[in-house]
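Colleague: My questions will all concern the structure given below.
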Amino acid sequence: MADAEPRSVSDERRGGIVLLRGTDRAGFAVAFADRLRGAGLAAGLSETGDFVHALEVSPPVSVDVLYWTARIAFVRRRADLDAFDRVFHAVFGEAPPLPLTRSAVPPSKRDDVHLAVPHGVDEPAAGGGLPWATLPPPVAAAEPGDSPLRTPERRPSALAALAELPFEELDPRELALLGDAVRDSLARWPARRTRRHAIDPAGRRIALRPTIARARRTAWEPVTVVRQRPVRRPRRAVLICDLSESMRAQAAAYLHMMRAFTLVADAEVFAFATTLTRLTPALRRTSAEEAMARATEAVGDRFGGTRIATNLTALLDSHHGNSLRGALVLVASDGWDSDPPARMSAAMARLRRRAHRILWLNPRAGAPGYAPKVAGMAAALPFCDHLLPAATFADLAAAVRLLARP
């Protein structure tokens with residue numbers, strides 16, 4: 001490098017000569033760093049990025065300037081200087097005249113991507129050298145034709161396709177897979193504001209007792225003001241599932257959904273046919289198969305008759321009735337009830353006064369022309385915030401999103 005005698009930097013700038021004009025700087029720096037790594041230099045991403053930034057800030061006007069720019073960017077140890085000089089001289093020792101652009105190469109030997117640089121041989125290999133010129137566009141122009149442009153048809157994933165199938169067409173493995181998808185959709189569960197407060201420097205309310213306690217140390221002058229904020233807790237959820245004979249096809253899918261609520265939202269789960277059964281401990285199992293087996297074993301009257309109003313009243317009168325206060329209540333049933341409608345209205349009115357919101361999932365609500373003509377469903381509908389279809393896992397996912405809405 002000491003033998004080269006290029007013109008001065010100021011003269012070349014006045015003459016408008018800039019080395020590597022029109023060069024793809026990133027491609028050039030990556031290719032040069034690869035050569036250095038092959039010689040044993042630790043030319044990583046940081047050094048390559050510094051070199052690209054230096055070429056952008058101060059474009060080299062001579063080989064000497066390019067040498068010092070690359071040396072400052074890549075050489076970190078004195079032991080690497082000999083290897084760097086050897087690689088740089090091999091690349092630029094017999095380079096074409098300034099400026100190094102594509103016009104310096106005859107058209108017959110010009111490459112679309114690379115400008116070949118001699119490496120001590122007569123003819124460089126095809127595709128050799130470093131990427132000097134800007135890369136061509138990756139997509140060629142479209143050939144003229146009469147057929148319109150066609151885009152590939154997007155097909156749903158296997159999970160999305162299963163979510164649209166009726167429950168009776170799914171096997172236990174697919175039910176467990178979709179149940180895990182419902183559990184993943186419950187990542188953000190709404191919280192409610194409680195009456196309790198916690199110490200927080202960013203709180204808006206002054207905590208009187210801690211402030212006065214600290215004022216005792218400063219002659220009763222409140223030098224330190226303690227602030228507090230309201231404590232927010234996850235909104236309680238209570239799920240009630242109908243496991244009578246008319247709900248046999250939907251029972252397993254509903255249990256998977258309720259297991260997701262127990263694991264994520266710490267929900268209370270109850271099932272009923274003719275009597276009420278608490279399933280929360282059974283559904284808190286890590287294994288879906290074990291949870292389904294324990295829940296099925298716990299409900300002794302499954303796939304029998306239906307007494308919705310009687311079981312709702314039993315839940316309200318039990319010690320678990322307090323869990324309904326301010327809770328999101330989800331009832332999954334088709335509305336077929338052997339109790340009189342007046343008793344259903346009375347039970348739902350009591351539930352309405354305790355719950356924050358009531359959602360009723362009906363597997364037949366999504367059918368065309370559906371109307372709640374069943375006596376039990378018609379009696380319960382005025383006390384519900386939403387009546388939603390629940391014939392597929394896609395319907396259950398929509399219900400979960402509605403429940404999780406703040």
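Chain labels A, B, ... are given in the sequence in which chains occur in the structure tokens; within each chain residues are numbered consecutively from 1, and ligands are likewise numbered from 1 in the order shown.
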Pro201 of chain A: which residues within 10 Å, counting only C-alpha atoms, same-chain residues fewer than 2 positions away excluded, as a list of chain:residue names?

Modeller: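 Contacts, with the query itself left out: A:Ala198, A:Ile199, A:Gly203, A:Arg204, A:Arg205, A:Ile206, A:Val225, A:Val226, A:Arg227, A:Gln228, A:Arg229.
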
Colleague: Selection from above, all heavy atoms, as a PDB file, in the first residue's frame, can you write it?

Modeller:
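Writing the result to selection_26.pdb gives the following:
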ATOM      1  N   ALA A 198     -53.499  -0.510  47.989  1.00  0.00           N
ATOM      2  CA  ALA A 198     -52.118  -0.900  48.222  1.00  0.00           C
ATOM      3  C   ALA A 198     -51.219   0.315  48.057  1.00  0.00           C
ATOM      4  O   ALA A 198     -51.516   1.236  47.284  1.00  0.00           O
ATOM      5  CB  ALA A 198     -51.695  -2.001  47.249  1.00  0.00           C
ATOM      6  N   ILE A 199     -50.095   0.340  48.808  1.00  0.00           N
ATOM      7  CA  ILE A 199     -49.156   1.455  48.740  1.00  0.00           C
ATOM      8  C   ILE A 199     -48.500   1.479  47.366  1.00  0.00           C
ATOM      9  O   ILE A 199     -47.986   0.479  46.875  1.00  0.00           O
ATOM     10  CB  ILE A 199     -48.087   1.324  49.834  1.00  0.00           C
ATOM     11  CG1 ILE A 199     -48.755   1.276  51.218  1.00  0.00           C
ATOM     12  CG2 ILE A 199     -47.106   2.472  49.754  1.00  0.00           C
ATOM     13  CD1 ILE A 199     -49.562   2.513  51.552  1.00  0.00           C
ATOM     14  N   GLY A 203     -49.764   6.319  43.061  1.00  0.00           N
ATOM     15  CA  GLY A 203     -51.194   6.364  43.363  1.00  0.00           C
ATOM     16  C   GLY A 203     -51.712   7.786  43.506  1.00  0.00           C
ATOM     17  O   GLY A 203     -50.972   8.727  43.828  1.00  0.00           O
ATOM     18  N   ARG A 204     -53.011   7.959  43.305  1.00  0.00           N
ATOM     19  CA  ARG A 204     -53.627   9.287  43.379  1.00  0.00           C
ATOM     20  C   ARG A 204     -54.189   9.597  44.766  1.00  0.00           C
ATOM     21  O   ARG A 204     -54.423  10.757  45.100  1.00  0.00           O
ATOM     22  CB  ARG A 204     -54.754   9.392  42.355  1.00  0.00           C
ATOM     23  CG  ARG A 204     -54.294   9.261  40.910  1.00  0.00           C
ATOM     24  CD  ARG A 204     -55.462   9.444  39.967  1.00  0.00           C
ATOM     25  NE  ARG A 204     -55.032   9.364  38.566  1.00  0.00           N
ATOM     26  CZ  ARG A 204     -55.856   9.493  37.528  1.00  0.00           C
ATOM     27  NH1 ARG A 204     -57.154   9.719  37.731  1.00  0.00           N
ATOM     28  NH2 ARG A 204     -55.388   9.402  36.298  1.00  0.00           N
ATOM     29  N   ARG A 205     -54.422   8.585  45.564  1.00  0.00           N
ATOM     30  CA  ARG A 205     -55.050   8.776  46.861  1.00  0.00           C
ATOM     31  C   ARG A 205     -53.976   8.758  47.957  1.00  0.00           C
ATOM     32  O   ARG A 205     -53.053   7.948  47.913  1.00  0.00           O
ATOM     33  CB  ARG A 205     -56.081   7.676  47.101  1.00  0.00           C
ATOM     34  CG  ARG A 205     -56.811   7.763  48.423  1.00  0.00           C
ATOM     35  CD  ARG A 205     -57.878   6.692  48.481  1.00  0.00           C
ATOM     36  NE  ARG A 205     -58.531   6.666  49.786  1.00  0.00           N
ATOM     37  CZ  ARG A 205     -59.534   5.853  50.115  1.00  0.00           C
ATOM     38  NH1 ARG A 205     -59.986   4.998  49.216  1.00  0.00           N
ATOM     39  NH2 ARG A 205     -60.065   5.897  51.310  1.00  0.00           N
ATOM     40  N   ILE A 206     -54.122   9.638  48.955  1.00  0.00           N
ATOM     41  CA  ILE A 206     -53.172   9.697  50.060  1.00  0.00           C
ATOM     42  C   ILE A 206     -53.573   8.678  51.119  1.00  0.00           C
ATOM     43  O   ILE A 206     -54.731   8.626  51.551  1.00  0.00           O
ATOM     44  CB  ILE A 206     -53.115  11.110  50.668  1.00  0.00           C
ATOM     45  CG1 ILE A 206     -52.621  12.109  49.607  1.00  0.00           C
ATOM     46  CG2 ILE A 206     -52.225  11.141  51.895  1.00  0.00           C
ATOM     47  CD1 ILE A 206     -52.609  13.542  50.092  1.00  0.00           C
ATOM     48  N   VAL A 225     -45.347  12.064  52.182  1.00  0.00           N
ATOM     49  CA  VAL A 225     -46.741  11.736  51.864  1.00  0.00           C
ATOM     50  C   VAL A 225     -46.778  10.365  51.199  1.00  0.00           C
ATOM     51  O   VAL A 225     -46.137  10.140  50.166  1.00  0.00           O
ATOM     52  CB  VAL A 225     -47.376  12.803  50.952  1.00  0.00           C
ATOM     53  CG1 VAL A 225     -48.811  12.408  50.597  1.00  0.00           C
ATOM     54  CG2 VAL A 225     -47.340  14.161  51.630  1.00  0.00           C
ATOM     55  N   VAL A 226     -47.510   9.449  51.792  1.00  0.00           N
ATOM     56  CA  VAL A 226     -47.635   8.087  51.272  1.00  0.00           C
ATOM     57  C   VAL A 226     -48.899   8.014  50.429  1.00  0.00           C
ATOM     58  O   VAL A 226     -49.974   8.443  50.858  1.00  0.00           O
ATOM     59  CB  VAL A 226     -47.689   7.056  52.417  1.00  0.00           C
ATOM     60  CG1 VAL A 226     -47.765   5.651  51.852  1.00  0.00           C
ATOM     61  CG2 VAL A 226     -46.477   7.219  53.324  1.00  0.00           C
ATOM     62  N   ARG A 227     -48.748   7.473  49.241  1.00  0.00           N
ATOM     63  CA  ARG A 227     -49.887   7.355  48.326  1.00  0.00           C
ATOM     64  C   ARG A 227     -50.261   5.896  48.132  1.00  0.00           C
ATOM     65  O   ARG A 227     -49.447   4.994  48.343  1.00  0.00           O
ATOM     66  CB  ARG A 227     -49.569   8.006  46.981  1.00  0.00           C
ATOM     67  CG  ARG A 227     -49.291   9.494  47.090  1.00  0.00           C
ATOM     68  CD  ARG A 227     -49.121  10.162  45.737  1.00  0.00           C
ATOM     69  NE  ARG A 227     -48.942  11.601  45.888  1.00  0.00           N
ATOM     70  CZ  ARG A 227     -49.953  12.470  45.965  1.00  0.00           C
ATOM     71  NH1 ARG A 227     -51.211  12.028  45.884  1.00  0.00           N
ATOM     72  NH2 ARG A 227     -49.720  13.766  46.111  1.00  0.00           N
ATOM     73  N   GLN A 228     -51.482   5.676  47.692  1.00  0.00           N
ATOM     74  CA  GLN A 228     -51.989   4.318  47.492  1.00  0.00           C
ATOM     75  C   GLN A 228     -52.883   4.277  46.267  1.00  0.00           C
ATOM     76  O   GLN A 228     -53.384   5.307  45.807  1.00  0.00           O
ATOM     77  CB  GLN A 228     -52.766   3.852  48.729  1.00  0.00           C
ATOM     78  CG  GLN A 228     -53.974   4.708  49.060  1.00  0.00           C
ATOM     79  CD  GLN A 228     -54.660   4.284  50.345  1.00  0.00           C
ATOM     80  OE1 GLN A 228     -54.191   3.395  51.041  1.00  0.00           O
ATOM     81  NE2 GLN A 228     -55.784   4.930  50.660  1.00  0.00           N
ATOM     82  N   ARG A 229     -53.078   3.078  45.780  1.00  0.00           N
ATOM     83  CA  ARG A 229     -53.910   2.847  44.595  1.00  0.00           C
ATOM     84  C   ARG A 229     -54.872   1.698  44.879  1.00  0.00           C
ATOM     85  O   ARG A 229     -54.608   0.847  45.732  1.00  0.00           O
ATOM     86  CB  ARG A 229     -53.049   2.495  43.392  1.00  0.00           C
ATOM     87  CG  ARG A 229     -52.200   1.266  43.610  1.00  0.00           C
ATOM     88  CD  ARG A 229     -51.576   0.736  42.348  1.00  0.00           C
ATOM     89  NE  ARG A 229     -50.713  -0.406  42.619  1.00  0.00           N
ATOM     90  CZ  ARG A 229     -51.154  -1.638  42.810  1.00  0.00           C
ATOM     91  NH1 ARG A 229     -52.462  -1.889  42.755  1.00  0.00           N
ATOM     92  NH2 ARG A 229     -50.323  -2.632  43.069  1.00  0.00           N
TER      93      ARG A 229
END

Colleague: List the neighbours of Phe272 of chain A out to 7 Å using only C-alpha atoms; skip same-chain residues closer than 4 positions along the sequence, and give me the result as a list in words.

Modeller: Cys241, Asp242, Leu243, Leu276, Thr277 and Asn311 of chain A

Colleague: Between atom CA of Ala394 of chain A and atom CA of Ala332 of chain A, what is the spacing in Å?

Modeller: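 Between atom CA of Ala332 of chain A and atom CA of Ala394 of chain A the gap is 15.1 Å.
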
Colleague: What lies within 8 Å of Val231 of chain A using only C-alpha atoms, ignoring chain neighbours under 2 positions off, as a PDB file with N, CA and C atoms, in the first residue's frame?

Modeller:
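around.pdb written:
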ATOM      1  N   ARG A 193     -61.885  -3.693  39.884  1.00  0.00           N
ATOM      2  CA  ARG A 193     -61.364  -2.860  40.967  1.00  0.00           C
ATOM      3  C   ARG A 193     -62.007  -3.279  42.281  1.00  0.00           C
ATOM      4  N   THR A 194     -61.186  -3.548  43.266  1.00  0.00           N
ATOM      5  CA  THR A 194     -61.688  -3.951  44.575  1.00  0.00           C
ATOM      6  C   THR A 194     -61.729  -2.744  45.518  1.00  0.00           C
ATOM      7  N   ARG A 195     -62.231  -2.972  46.728  1.00  0.00           N
ATOM      8  CA  ARG A 195     -62.278  -1.902  47.728  1.00  0.00           C
ATOM      9  C   ARG A 195     -60.972  -1.756  48.490  1.00  0.00           C
ATOM     10  N   ARG A 196     -60.087  -2.675  48.336  1.00  0.00           N
ATOM     11  CA  ARG A 196     -58.804  -2.605  49.019  1.00  0.00           C
ATOM     12  C   ARG A 196     -57.836  -1.704  48.262  1.00  0.00           C
ATOM     13  N   HIS A 197     -56.874  -1.172  49.011  1.00  0.00           N
ATOM     14  CA  HIS A 197     -55.858  -0.302  48.427  1.00  0.00           C
ATOM     15  C   HIS A 197     -54.482  -0.808  48.824  1.00  0.00           C
ATOM     16  N   ALA A 198     -53.499  -0.510  47.989  1.00  0.00           N
ATOM     17  CA  ALA A 198     -52.118  -0.900  48.222  1.00  0.00           C
ATOM     18  C   ALA A 198     -51.219   0.315  48.057  1.00  0.00           C
ATOM     19  N   ARG A 229     -53.078   3.078  45.780  1.00  0.00           N
ATOM     20  CA  ARG A 229     -53.910   2.847  44.595  1.00  0.00           C
ATOM     21  C   ARG A 229     -54.872   1.698  44.879  1.00  0.00           C
ATOM     22  N   ARG A 233     -58.137  -7.144  40.859  1.00  0.00           N
ATOM     23  CA  ARG A 233     -58.059  -8.593  40.855  1.00  0.00           C
ATOM     24  C   ARG A 233     -58.792  -9.133  39.627  1.00  0.00           C
TER      25      ARG A 233
END

Colleague: Run DSSP on the backbone and tell me which residues of segment 216-356 of chain A come out as helix (DSSP H, G or I); list them as a VMD selection string.

Modeller: chain A and resid 216 to 218 245 to 264 280 to 283 288 to 298 308 to 317 319 to 324 341 to 354

Colleague: Mind checking which residues fall within 7 Å of segment 251-265 of chain A, counting only C-alpha atoms, ignoring those fewer than 6 positions away in the same chain, and posting them as a list in words?

Modeller: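 Contacts, with the query itself left out: Phe167, Leu175, Ala176, Gly179, Val182, Arg183, Leu186, Trp189, Leu239, Leu243, Thr280, Leu283 and Arg284 of chain A.
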
Colleague: Excluding Arg188 of chain A and any residue of its chain fewer than 5 positions from it, enumerate the residues within 10 Å of it, using only C-alpha atoms, and give them as a list in words.

Modeller: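 Residues near the query, excluding close chain neighbours: Pro234, Val264, Ala265, Arg401, Ala404, Arg405 and Pro406 of chain A.
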
Colleague: Among segment 171-267 of chain A, which residues carry a DSSP assignment of strand (DSSP E), reported as a short mmCIF file (atom, residue, chain, number, x, y, z; two decimals) with all heavy atoms, in the first residue's frame?

Modeller:
data_model
loop_
_atom_site.label_atom_id
_atom_site.label_comp_id
_atom_site.auth_asym_id
_atom_site.auth_seq_id
_atom_site.Cartn_x
_atom_site.Cartn_y
_atom_site.Cartn_z
N ALA A 191 -59.81 -7.65 34.68
CA ALA A 191 -59.67 -7.45 36.12
C ALA A 191 -60.70 -6.44 36.59
O ALA A 191 -61.19 -5.60 35.83
CB ALA A 191 -58.26 -6.97 36.47
N ARG A 192 -61.03 -6.52 37.86
CA ARG A 192 -62.01 -5.61 38.46
C ARG A 192 -61.35 -4.84 39.60
O ARG A 192 -60.38 -5.30 40.21
CB ARG A 192 -63.23 -6.37 38.98
CG ARG A 192 -62.91 -7.32 40.12
CD ARG A 192 -64.15 -8.06 40.57
NE ARG A 192 -63.85 -8.96 41.68
CZ ARG A 192 -63.92 -8.61 42.95
NH1 ARG A 192 -64.26 -7.37 43.28
NH2 ARG A 192 -63.63 -9.47 43.90
N ARG A 193 -61.88 -3.69 39.88
CA ARG A 193 -61.36 -2.86 40.97
C ARG A 193 -62.01 -3.28 42.28
O ARG A 193 -63.24 -3.35 42.40
CB ARG A 193 -61.64 -1.39 40.67
CG ARG A 193 -61.23 -0.44 41.77
CD ARG A 193 -61.46 1.00 41.37
NE ARG A 193 -61.20 1.92 42.47
CZ ARG A 193 -61.24 3.24 42.37
NH1 ARG A 193 -61.54 3.79 41.21
NH2 ARG A 193 -60.98 4.01 43.40
N THR A 194 -61.19 -3.55 43.27
CA THR A 194 -61.69 -3.95 44.58
C THR A 194 -61.73 -2.74 45.52
O THR A 194 -61.30 -1.64 45.17
CB THR A 194 -60.78 -5.04 45.18
OG1 THR A 194 -59.48 -4.49 45.42
CG2 THR A 194 -60.65 -6.22 44.21
N ARG A 195 -62.23 -2.97 46.73
CA ARG A 195 -62.28 -1.90 47.73
C ARG A 195 -60.97 -1.76 48.49
O ARG A 195 -60.81 -0.78 49.24
CB ARG A 195 -63.42 -2.18 48.71
CG ARG A 195 -64.81 -2.14 48.07
CD ARG A 195 -65.88 -2.36 49.11
NE ARG A 195 -67.21 -2.32 48.51
CZ ARG A 195 -68.35 -2.47 49.20
NH1 ARG A 195 -68.29 -2.68 50.52
NH2 ARG A 195 -69.51 -2.43 48.59
N ARG A 196 -60.09 -2.68 48.34
CA ARG A 196 -58.80 -2.61 49.02
C ARG A 196 -57.84 -1.70 48.26
O ARG A 196 -57.97 -1.50 47.05
CB ARG A 196 -58.21 -4.00 49.18
CG ARG A 196 -59.05 -4.93 50.04
CD ARG A 196 -58.37 -6.27 50.21
NE ARG A 196 -59.15 -7.15 51.05
CZ ARG A 196 -59.08 -7.19 52.38
NH1 ARG A 196 -58.24 -6.39 53.00
NH2 ARG A 196 -59.84 -8.02 53.08
N HIS A 197 -56.87 -1.17 49.01
CA HIS A 197 -55.86 -0.30 48.43
C HIS A 197 -54.48 -0.81 48.82
O HIS A 197 -54.31 -1.45 49.86
CB HIS A 197 -56.03 1.15 48.90
CG HIS A 197 -57.24 1.82 48.31
ND1 HIS A 197 -58.53 1.55 48.74
CD2 HIS A 197 -57.36 2.74 47.33
CE1 HIS A 197 -59.38 2.29 48.06
NE2 HIS A 197 -58.70 3.02 47.20
N ALA A 198 -53.50 -0.51 47.99
CA ALA A 198 -52.12 -0.90 48.22
C ALA A 198 -51.22 0.32 48.06
O ALA A 198 -51.52 1.24 47.28
CB ALA A 198 -51.69 -2.00 47.25
N ILE A 199 -50.09 0.34 48.81
CA ILE A 199 -49.16 1.45 48.74
C ILE A 199 -48.50 1.48 47.37
O ILE A 199 -47.99 0.48 46.88
CB ILE A 199 -48.09 1.32 49.83
CG1 ILE A 199 -48.76 1.28 51.22
CG2 ILE A 199 -47.11 2.47 49.75
CD1 ILE A 199 -49.56 2.51 51.55
N ARG A 205 -54.42 8.59 45.56
CA ARG A 205 -55.05 8.78 46.86
C ARG A 205 -53.98 8.76 47.96
O ARG A 205 -53.05 7.95 47.91
CB ARG A 205 -56.08 7.68 47.10
CG ARG A 205 -56.81 7.76 48.42
CD ARG A 205 -57.88 6.69 48.48
NE ARG A 205 -58.53 6.67 49.79
CZ ARG A 205 -59.53 5.85 50.12
NH1 ARG A 205 -59.99 5.00 49.22
NH2 ARG A 205 -60.07 5.90 51.31
N ILE A 206 -54.12 9.64 48.95
CA ILE A 206 -53.17 9.70 50.06
C ILE A 206 -53.57 8.68 51.12
O ILE A 206 -54.73 8.63 51.55
CB ILE A 206 -53.11 11.11 50.67
CG1 ILE A 206 -52.62 12.11 49.61
CG2 ILE A 206 -52.22 11.14 51.89
CD1 ILE A 206 -52.61 13.54 50.09
N ARG A 227 -48.75 7.47 49.24
CA ARG A 227 -49.89 7.35 48.33
C ARG A 227 -50.26 5.90 48.13
O ARG A 227 -49.45 4.99 48.34
CB ARG A 227 -49.57 8.01 46.98
CG ARG A 227 -49.29 9.49 47.09
CD ARG A 227 -49.12 10.16 45.74
NE ARG A 227 -48.94 11.60 45.89
CZ ARG A 227 -49.95 12.47 45.97
NH1 ARG A 227 -51.21 12.03 45.88
NH2 ARG A 227 -49.72 13.77 46.11
N GLN A 228 -51.48 5.68 47.69
CA GLN A 228 -51.99 4.32 47.49
C GLN A 228 -52.88 4.28 46.27
O GLN A 228 -53.38 5.31 45.81
CB GLN A 228 -52.77 3.85 48.73
CG GLN A 228 -53.97 4.71 49.06
CD GLN A 228 -54.66 4.28 50.34
OE1 GLN A 228 -54.19 3.39 51.04
NE2 GLN A 228 -55.78 4.93 50.66
N ARG A 229 -53.08 3.08 45.78
CA ARG A 229 -53.91 2.85 44.60
C ARG A 229 -54.87 1.70 44.88
O ARG A 229 -54.61 0.85 45.73
CB ARG A 229 -53.05 2.50 43.39
CG ARG A 229 -52.20 1.27 43.61
CD ARG A 229 -51.58 0.74 42.35
NE ARG A 229 -50.71 -0.41 42.62
CZ ARG A 229 -51.15 -1.64 42.81
NH1 ARG A 229 -52.46 -1.89 42.75
NH2 ARG A 229 -50.32 -2.63 43.07
N PRO A 230 -55.98 1.64 44.15
CA PRO A 230 -56.91 0.51 44.32
C PRO A 230 -56.29 -0.79 43.83
O PRO A 230 -55.57 -0.82 42.83
CB PRO A 230 -58.13 0.91 43.49
CG PRO A 230 -57.99 2.37 43.25
CD PRO A 230 -56.54 2.67 43.26
N VAL A 231 -56.58 -1.87 44.51
CA VAL A 231 -56.11 -3.18 44.12
C VAL A 231 -57.07 -3.77 43.08
O VAL A 231 -58.29 -3.73 43.26
CB VAL A 231 -56.01 -4.12 45.34
CG1 VAL A 231 -55.61 -5.52 44.92
CG2 VAL A 231 -55.02 -3.56 46.35
N ARG A 232 -56.51 -4.28 42.00
CA ARG A 232 -57.31 -4.89 40.94
C ARG A 232 -57.06 -6.40 40.94
O ARG A 232 -55.91 -6.84 41.02
CB ARG A 232 -56.96 -4.30 39.57
CG ARG A 232 -57.16 -2.81 39.49
CD ARG A 232 -56.92 -2.30 38.09
NE ARG A 232 -57.94 -2.76 37.18
CZ ARG A 232 -59.11 -2.16 36.96
NH1 ARG A 232 -59.41 -1.05 37.61
NH2 ARG A 232 -59.97 -2.66 36.11
N ARG A 233 -58.14 -7.14 40.86
CA ARG A 233 -58.06 -8.59 40.86
C ARG A 233 -58.79 -9.13 39.63
O ARG A 233 -59.70 -8.47 39.11
CB ARG A 233 -58.68 -9.17 42.13
CG ARG A 233 -57.89 -8.86 43.40
CD ARG A 233 -58.54 -9.47 44.61
NE ARG A 233 -57.76 -9.19 45.82
CZ ARG A 233 -58.14 -9.53 47.04
NH1 ARG A 233 -59.31 -10.16 47.22
NH2 ARG A 233 -57.37 -9.25 48.08
N PRO A 234 -58.42 -10.32 39.18
CA PRO A 234 -59.12 -10.90 38.02
C PRO A 234 -60.61 -11.08 38.31
O PRO A 234 -61.01 -11.45 39.41
CB PRO A 234 -58.41 -12.25 37.82
CG PRO A 234 -57.09 -12.08 38.46
CD PRO A 234 -57.28 -11.16 39.62
N ALA A 237 -65.12 -15.88 37.52
CA ALA A 237 -65.93 -16.53 36.48
C ALA A 237 -66.55 -17.80 37.06
O ALA A 237 -65.90 -18.55 37.78
CB ALA A 237 -65.09 -16.87 35.26
N VAL A 238 -67.82 -18.02 36.73
CA VAL A 238 -68.56 -19.21 37.15
C VAL A 238 -69.20 -19.80 35.91
O VAL A 238 -69.91 -19.08 35.17
CB VAL A 238 -69.63 -18.88 38.21
CG1 VAL A 238 -70.40 -20.14 38.59
CG2 VAL A 238 -69.00 -18.25 39.45
N LEU A 239 -68.95 -21.08 35.66
CA LEU A 239 -69.48 -21.76 34.47
C LEU A 239 -70.38 -22.90 34.92
O LEU A 239 -70.02 -23.69 35.81
CB LEU A 239 -68.34 -22.31 33.61
CG LEU A 239 -67.49 -21.28 32.86
CD1 LEU A 239 -66.42 -20.67 33.75
CD2 LEU A 239 -66.83 -21.89 31.64
N ILE A 240 -71.54 -22.97 34.29
CA ILE A 240 -72.55 -23.98 34.61
C ILE A 240 -72.88 -24.71 33.31
O ILE A 240 -73.32 -24.09 32.34
CB ILE A 240 -73.81 -23.34 35.22
CG1 ILE A 240 -73.42 -22.40 36.37
CG2 ILE A 240 -74.78 -24.40 35.69
CD1 ILE A 240 -74.55 -21.53 36.85
N CYS A 241 -72.68 -26.04 33.30
CA CYS A 241 -72.81 -26.82 32.07
C CYS A 241 -73.92 -27.85 32.22
O CYS A 241 -74.03 -28.53 33.26
CB CYS A 241 -71.49 -27.51 31.75
SG CYS A 241 -71.52 -28.48 30.24
N ASP A 242 -74.71 -27.98 31.18
CA ASP A 242 -75.79 -28.96 31.11
C ASP A 242 -75.23 -30.25 30.51
O ASP A 242 -74.73 -30.25 29.39
CB ASP A 242 -76.93 -28.41 30.25
CG ASP A 242 -78.15 -29.32 30.24
OD1 ASP A 242 -78.08 -30.42 30.81
OD2 ASP A 242 -79.17 -28.92 29.65
#

Colleague: Please indicate the distance in Å from atom CA of Ala399 of chain A to atom CA of Ala379 of chain A, rounded to one decimal place.

Modeller: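 Those two atoms sit 21.5 Å apart.
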
Colleague: In Å, rounded to a single decimal, give me how far atom CA of Arg236 of chain A is from atom CA of Ala291 of chain A.

Modeller: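 Answer for the atom CA of Ala291 of chain A to atom CA of Arg236 of chain A separation: 21.4 Å.
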
Colleague: Find the residues near Arg325 of chain A: any atom within 7 Å, counting only C-alpha atoms, skip ones fewer than 2 places away on the same chain, and give them as a PyMOL selection string.

Modeller: chain A and resi 322-323+327+354-355

Colleague: Leaving out Thr306 of chain A and any residue of its chain fewer than 2 positions from it, which residues lie within 9 Å of it when counting only C-alpha atoms, given as a PyMOL selection string?

Modeller: chain A and resi 242-246+272-275+303-304+308+336-339

Colleague: Would you save the residues from that selection as a PDB file, in the first residue's frame, using C-alpha atoms?

Modeller:
ATOM      1  CA  ASP A 242     -75.787 -28.959  31.107  1.00  0.00           C
ATOM      2  CA  LEU A 243     -74.823 -32.657  30.806  1.00  0.00           C
ATOM      3  CA  SER A 244     -78.270 -34.069  30.105  1.00  0.00           C
ATOM      4  CA  GLU A 245     -79.174 -36.450  27.272  1.00  0.00           C
ATOM      5  CA  SER A 246     -79.986 -33.613  24.852  1.00  0.00           C
ATOM      6  CA  PHE A 272     -75.989 -30.552  36.195  1.00  0.00           C
ATOM      7  CA  ALA A 273     -78.555 -32.920  34.792  1.00  0.00           C
ATOM      8  CA  THR A 274     -81.022 -33.696  37.563  1.00  0.00           C
ATOM      9  CA  THR A 275     -78.588 -32.748  40.383  1.00  0.00           C
ATOM     10  CA  PHE A 303     -77.081 -37.993  30.068  1.00  0.00           C
ATOM     11  CA  GLY A 304     -80.327 -38.164  32.035  1.00  0.00           C
ATOM     12  CA  ILE A 308     -82.193 -26.289  35.137  1.00  0.00           C
ATOM     13  CA  TRP A 336     -84.849 -27.914  27.639  1.00  0.00           C
ATOM     14  CA  ASP A 337     -86.141 -28.001  31.214  1.00  0.00           C
ATOM     15  CA  SER A 338     -88.618 -30.166  33.070  1.00  0.00           C
ATOM     16  CA  ASP A 339     -89.221 -27.441  35.672  1.00  0.00           C
TER      17      ASP A 339
END

Colleague: Using only C-alpha atoms for the distances, tell me which of A:Thr69, A:Ser333, A:Ser58, A:Ser46 is nearest to Ala249 of chain A.

Modeller: A:Ser333

Colleague: Which residue out of A:Leu36, A:Gly300, A:Pro341, A:Ala207 has the minimum interatomic distance to Lys373 of chain A when only C-alpha atoms are used?

Modeller: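 For Lys373 of chain A, the nearest of the given residues is A:Pro341.
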
Colleague: Have a look at A:Ala282, A:Thr296, A:Leu396, A:Arg350 and name the one nearest to Ala314 of chain A; count only C-alpha atoms.

Modeller: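 Answer, going by the shortest atom-to-atom distance: A:Arg350.
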